[in-house]
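Structure first, then comments.
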4 protein chains.
Amino acid sequence: MTSIDLNCDLGEGFGAWRLGRDEEAMPLLSSVNIACGFHASDPLTMLRTLRLAKREGVSVGAHPGFHDLVGFGRRQMAQSREEIGADIVYQVGALLGFCRAEGVPLRHVKAHGALYNLAAGDLGVALAIAEAIRAVDASLIMVCLAGSAMTEAARRAGVSYVEEAFADRAYAPDGSLLPRERPGAVIEDAGLVARQVLLMAREGRVRAMDGSEIPIAAETLCVHGDSPGAVSLLRAIRAVLAEEGIAVRAFEARSTRGPALS
Amino acid sequence: MTSIDLNCDLGEGFGAWRLGRDEEAMPLLSSVNIACGFHASDPLTMLRTLRLAKREGVSVGAHPGFHDLVGFGRRQMAQSREEIGADIVYQVGALLGFCRAEGVPLRHVKAHGALYNLAAGDLGVALAIAEAIRAVDASLIMVCLAGSAMTEAARRAGVSYVEEAFADRAYAPDGSLLPRERPGAVIEDAGLVARQVLLMAREGRVRAMDGSEIPIAAETLCVHGDSPGAVSLLRAIRAVLAEEGIAVRAFEARSTRGPALS
Amino acid sequence: MTSIDLNCDLGEGFGAWRLGRDEEAMPLLSSVNIACGFHASDPLTMLRTLRLAKREGVSVGAHPGFHDLVGFGRRQMAQSREEIGADIVYQVGALLGFCRAEGVPLRHVKAHGALYNLAAGDLGVALAIAEAIRAVDASLIMVCLAGSAMTEAARRAGVSYVEEAFADRAYAPDGSLLPRERPGAVIEDAGLVARQVLLMAREGRVRAMDGSEIPIAAETLCVHGDSPGAVSLLRAIRAVLAEEGIAVRAFEARSTRGPALS
Amino acid sequence: MTSIDLNCDLGEGFGAWRLGRDEEAMPLLSSVNIACGFHASDPLTMLRTLRLAKREGVSVGAHPGFHDLVGFGRRQMAQSREEIGADIVYQVGALLGFCRAEGVPLRHVKAHGALYNLAAGDLGVALAIAEAIRAVDASLIMVCLAGSAMTEAARRAGVSYVEEAFADRAYAPDGSLLPRERPGAVIEDAGLVARQVLLMAREGRVRAMDGSEIPIAAETLCVHGDSPGAVSLLRAIRAVLAEEGIAVRAFEARSTRGPALS
């Protein structure tokens with residue numbers, strides 16, 4: 001049987017502030033990345049988001065980021081690897097506390113924003129993340145940008161990983177994500193997103209900005225939870241996958257690169 | 001054999017700022033309460049403090065407080081019990097992450113500052129803390145002010161606990177701590193502290209401000225790590241306990257009130 | 001000519017998070033209270049809110065609160081008066097920096113949330129606020145809950161003040177605000193709000209929860225900017241005031257209690 | 001008459017944490033840079049530091065930094081120029097509030113840590129700072145690393161400035177500061193520091209790491225307040241300057257590069 005994982009970053013409110021439509025998005029996912037209080041969220045928001053995931057049977061992961069609330073973890077910070085590793089352990093541990101309290105397994109870790117982007121291209125940072133994940137729990141799965149330094153780091157650190165592609169982001173011909181500030185970097189048209197998802201899930205390829213098709217090995221596809229159209233996009237993706245007979249299901253740990261579909 | 005536990009709050013620096021002489025104090029303790037980033041500390045400071053505890057073979061506990069760095073967790077905050085519970089789970093979980101990374105067992109939890117004082121007199125708050133501790137790990141021991149609402153809460157929540165007395169704080173005739181702002185509330189004379197410790201450890205009593213002796217059942221004695229004389233006090237306490245043949249040893253879990261000495 | 005001031009707390013987003021519909025609400029106000037970064041907002045949000053006020057010709061005030069972002073300044077904190085005074089000077093000074101940069105006069109100061117509520121009943125806290133305001137700029141006007149300890153403090157400190165009533169909050173028979181958690185405390189029906197405003201503006205009275213009418217001397221009326229219906233309420237209030245020939249106009253400094261209408 | 005300014009970064013404690021020996025260092029300075037709450041300090045610490053400067057007759061400046069308490073403003077952050085400008089206005093405004101409250105003139109602004117280093121080499125960032133300073137108060141003086149992009153920015157923005165050299169830092173042959181992590185970057189020997197100060201003050205030159213002497217035009221010399229030996233260094237500098245008949249006196253505004261001594 002053929003399946004793919006759909007993941008989204010949720011629980012990104014903070015105190016009185018809300019972001020995204022978590023209640024509507026959660027039931028459409030197979031995996032969720034829960035913010036851990038450094039770039040967004042707070043203890044009560046984490047607890048509520050976890051309970052929502054539990055109710056909807058969605059597989060839970062930690063979503064640690066730079067300690068920069070006002071910048072939403074989207075501004076790069078010059079931290080040492082030791083600092084990055086400790087920040088990851090702290091945030092993953094904090095979510096682990098809630099998972100134990102709620103009896104929900106913590107299954108994966110995915111870095112957020114500027115930290116994710118940094119790790120995609122910097123093996124040292126990616127290793128700091130991978131080693132921190134392994135130190136907290138050797139069975140945790142690291143979510144890596146497909147074909148980036150993160151997958152290399154996970155392999156070197158002996159951490160299980162899955163590779164991720166983005167349903168609603170445009171790709172450069174070299175397989176990297178087009179930077180957010182570039183026009184067309186974030187795809188908002190549901191039809192285009194659904195088509196990109198199908199190509200990724202069925203054929204393990206993505207059409208880059210220049211029209212060329214490049215291979216991409218992804219066990220999980222991400223939709224951005226903070227975009228206004230996230231729920232519509234998720235519904236369109238669900239519809240097209242159902243039509244093609246591809247199930248939406250949480251990924252399994254895998255430590256070697258394999259075909260896109262399991 | 002006769003023993004008592006000595007605990008201290010360490011790891012209370014923050015970023016570039018240091019507080020206390022952790023390197024010197026740690027080897028003199030049997031238990032340490034490690035700050036968790038809300039009233040003091042940060043991920044790297046937590047990691048370093050934990051490694052120091054591991055090296056010295058000191059039993060490790062979490063020391064969660066109000067989320068008020070600038071006030072060092074010493075200003076009472078009007079939080080809901082739900083907020084308090086979530087804040088405890090978050091902080092204990094974060095330290096648990098480091099304990100797993102370092103292979104060190106997390107054994108106890110002791111609330112800090114204004115949260116500790118609030119819980120000593122408010123059963124609802126104390127229950128929120130006790131239930132949060134149990135939710136994270138049912139084997140964790142709650143450190144309670146001897147004879148306070150905290151012990152009652154631990155019993156009701158079915159959480160193992162030990163009772164704590166303060167080596168360097170003056171007591172009111174009703175067994176409560178003299179508020180910090182009262183003259184004489186913090187005892188700085190090493191001789192007086194040693195005498196108070198002996199009376200507590202050997203006879204389960206303390207001499208209150210009015211000269212009366214009141215019973216106090218404490219398995220663990222606290223010395224304040226942020227006072228300038230903490231290291232000298234600890235040495236004086238160690239000396240007088242050694243003379244009397246009382247060992248300094250981490251407490252065992254106990255869920256019923258017993259005699260001071262085990 | 002007859003007039004009243006309409007004020008609202010705006011600029012209460014934080015980083016990536018938005019709160020309220022500032023663009024729509026601003027043109028409907030005569031005065032705005034701008035959050036200063038302690039309970040909400042950040043430097044860029046402050047600048048943008050100030051520019052919006054400038055464009056719409058709205059009179060500008062600072063809206064300082066407790067330093068508690070995650071609690072939105074709605075949780076009481078046990079601060080010393082010295083701490084409260086310093087926090088006020090800091091926040092008012094920060095907004096003053098932007099006012100100088102934009103060439104906009106800073107005219108008033110209104111405390112936020114739990115600090116406002118605390119000051120309404122505690123003369124010591126109210127004096128700490130009043131003296132801090134005077135220290136930064138003796139020409140600043142303090143916005144006080146009508147008939148509360150705040151007005152008394154402003155008089156004692158020699159600070160100009162205006163008295164404030166709430167368009168969308170229910171009153172107890174003693175003239176105090178019904179606590180937020182009580183049912184009916186926040187009035188959401190536009191018709192009821194408009195009627196309450198008219199009674200306040202024209203007759204200097206308010207109908208309390210028990211049906212009794214009590215006197216209230218208010219030069220400024222507040223509508224809560226973070227409620228979803230704020231813009232509709234403001235429009236309804238504007239309409240009814242226009243019908244009655246009462247102008248909406250920023251208040252003048254006044255240091256003595258006078259009739260509701262100028 | 002011949003004179004030079006001595007400046008130091010003080011008021012860099014935070015809440016319960018202290019850093020440096022402000023009480024002893026302040027009387028030895030002619031100018032002080034007061035931290036503004038983003039990389040260090042808090043409202044009460046700012047107030048106390050300002051009162052200390054007032055008592056000792058030391059000229060007062062703001063010392064704004066990146067919003068990164070845990071990193072002490074020493075980690076570079078990828079902020080937009082708009083964000084940097086707003087952060088500067090906020091922090092300078094906050095200190096201005098205290099200056100008005102205490103009747104002390106605010107005379108200069110000097111960026112801190114990673115922001116200072118970034119501005120020294122990046123004209124866009126330096127311009128954002130210069131324009132923010134001018135916007136708050138056109139009479140404020142910008143303290144610039146001698147011969148850096150900061151002086152160029154001050155000139156372009158039409159902001160008065162002075163050039164700064166470091167008494168206790170080693171220089172590269174191109175006139176830049178040796179990075180902190182390089183061995184020998186921070187000079188701790190009082191004799192070497194005194195000699196470097198004399199050469200800077202009397203001859204407008206500094207001996208670089210390779211032994212070459214390079215010109216440096218500095219109206220103000222900085223000693224790091226957070227180094228343990230700061231007070232001893234300041235005394236040694238004072239002694240050697242007194243011997244040579246060079247007065248220690250706050251700088252005057254100057255918008256053109258001139259000789260080192262006034």
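Residues in the structure tokens are named by chain (A, B, ... in the order shown) and by number from 1 within that chain; ligands are numbered from 1 in the order shown.
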
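If we count only C-alpha atoms, these residues of chain B sit within 6 Å of chain D: B:Gly15, B:Val70, B:Gly71.
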
May I have the residues from that selection written out with all heavy atoms, as a CSV table (one decimal), in the first residue's frame?
```
chain,number,residue,atom,x,y,z
B,15,GLY,N,22.8,33.3,31.6
B,15,GLY,CA,23.7,33.8,30.6
B,15,GLY,C,25.0,34.2,31.1
B,15,GLY,O,25.7,33.4,31.7
B,70,VAL,N,13.5,38.8,35.9
B,70,VAL,CA,14.0,40.0,36.5
B,70,VAL,C,13.7,40.1,37.9
B,70,VAL,O,14.4,40.7,38.7
B,70,VAL,CB,13.4,41.3,35.7
B,70,VAL,CG1,12.0,41.5,36.0
B,70,VAL,CG2,14.3,42.5,36.0
B,71,GLY,N,12.7,39.4,38.4
B,71,GLY,CA,12.3,39.3,39.8
B,71,GLY,C,12.9,38.1,40.5
B,71,GLY,O,12.6,37.8,41.7
```

message: as a VMD selection string, please: the residues near Glu82 in chain C (cut-off 8 Å, only C-alpha atoms, same-chain neighbours under 3 positions excluded).
response: (chain C and resid 85 to 86 128) or (chain D and resid 44)

- request: Mind checking which residues fall within 9 Å of Gly191 in chain A, counting only C-alpha atoms, ignoring those fewer than 6 positions away in the same chain, and posting them as a ChimeraX atom specification?
  value: /A:233,236-237

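Candidate residues D:Val125, D:Ala153, D:Leu50, D:Cys8 were compared for distance to Pro105 in chain D, and the nearest is D:Leu50, using only C-alpha atoms.
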
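You can rank B:Ala135, B:Ala172, B:Val206, B:Ile84 by their closest distance to Val104 in chain A using only C-alpha atoms, and at the top of that list sits B:Ala135.
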
field: range 174-180 of chain D surroundings by only C-alpha atoms, 8 Å radius, close-in-sequence under 5 positions cut, as a PyMOL selection string
entry: chain D and resi 147+169+185-186+208+214+216

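Atom to atom, CA of Asp22 in chain B and CA of Gly225 in chain B stand 7.8 Å apart.
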
- request: Name the residues of range 1-218 of chain C that come out as strand (DSSP E) in a backbone DSSP run; write them as a VMD selection string.
  value: chain C and resid 3 to 10 31 to 35 59 to 63 106 to 109 141 to 145 161 to 166 205 to 207 213 to 215

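Non-sequential neighbours of range 193-201 of chain D (distance at most 7 Å, separation of 6 or more positions within a chain, only C-alpha atoms) are Ile4, Ala167, Asp168, Ile187, Ile216, Ala236, Ile237, Val240, Leu241, Ala260 and Leu261 of chain D.
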
Selection from above, C-alpha atoms, as a PDB file, in the first residue's frame, can you write it?
```pdb
ATOM      1  CA  ILE D   4      40.870  62.840  26.876  1.00  0.00           C
ATOM      2  CA  ALA D 167      42.454  50.975  26.066  1.00  0.00           C
ATOM      3  CA  ASP D 168      42.421  47.242  26.788  1.00  0.00           C
ATOM      4  CA  ILE D 187      44.925  43.203  27.396  1.00  0.00           C
ATOM      5  CA  ILE D 216      44.168  56.381  15.523  1.00  0.00           C
ATOM      6  CA  ALA D 236      46.558  52.832  36.274  1.00  0.00           C
ATOM      7  CA  ILE D 237      45.295  54.859  33.312  1.00  0.00           C
ATOM      8  CA  VAL D 240      49.716  57.773  33.915  1.00  0.00           C
ATOM      9  CA  LEU D 241      47.502  60.463  32.409  1.00  0.00           C
ATOM     10  CA  ALA D 260      43.124  63.138  19.259  1.00  0.00           C
ATOM     11  CA  LEU D 261      43.554  65.804  21.900  1.00  0.00           C
TER      12      LEU D 261
END
```

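One distance worth recording is that between CA of Pro64 in chain A and CA of Ile141 in chain A, which is 13.8 Å.
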
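Each of A:Ala230, A:Val159, A:Leu10, A:Val92 was checked against Ala53 in chain A using only C-alpha atoms; the smallest atom-to-atom distance is that of A:Leu10.
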
message: I'd like to know which residues of range 140-203 of chain A are alpha helix (DSSP H) (by DSSP, run on the backbone); could you write them as a ChimeraX atom specification?
response: /A:149-157,190-198

task: Mind giving me the straight-line distance from CA of Val32 in chain A to CA of Glu252 in chain A in Å, one decimal?
output: 14.2 Å
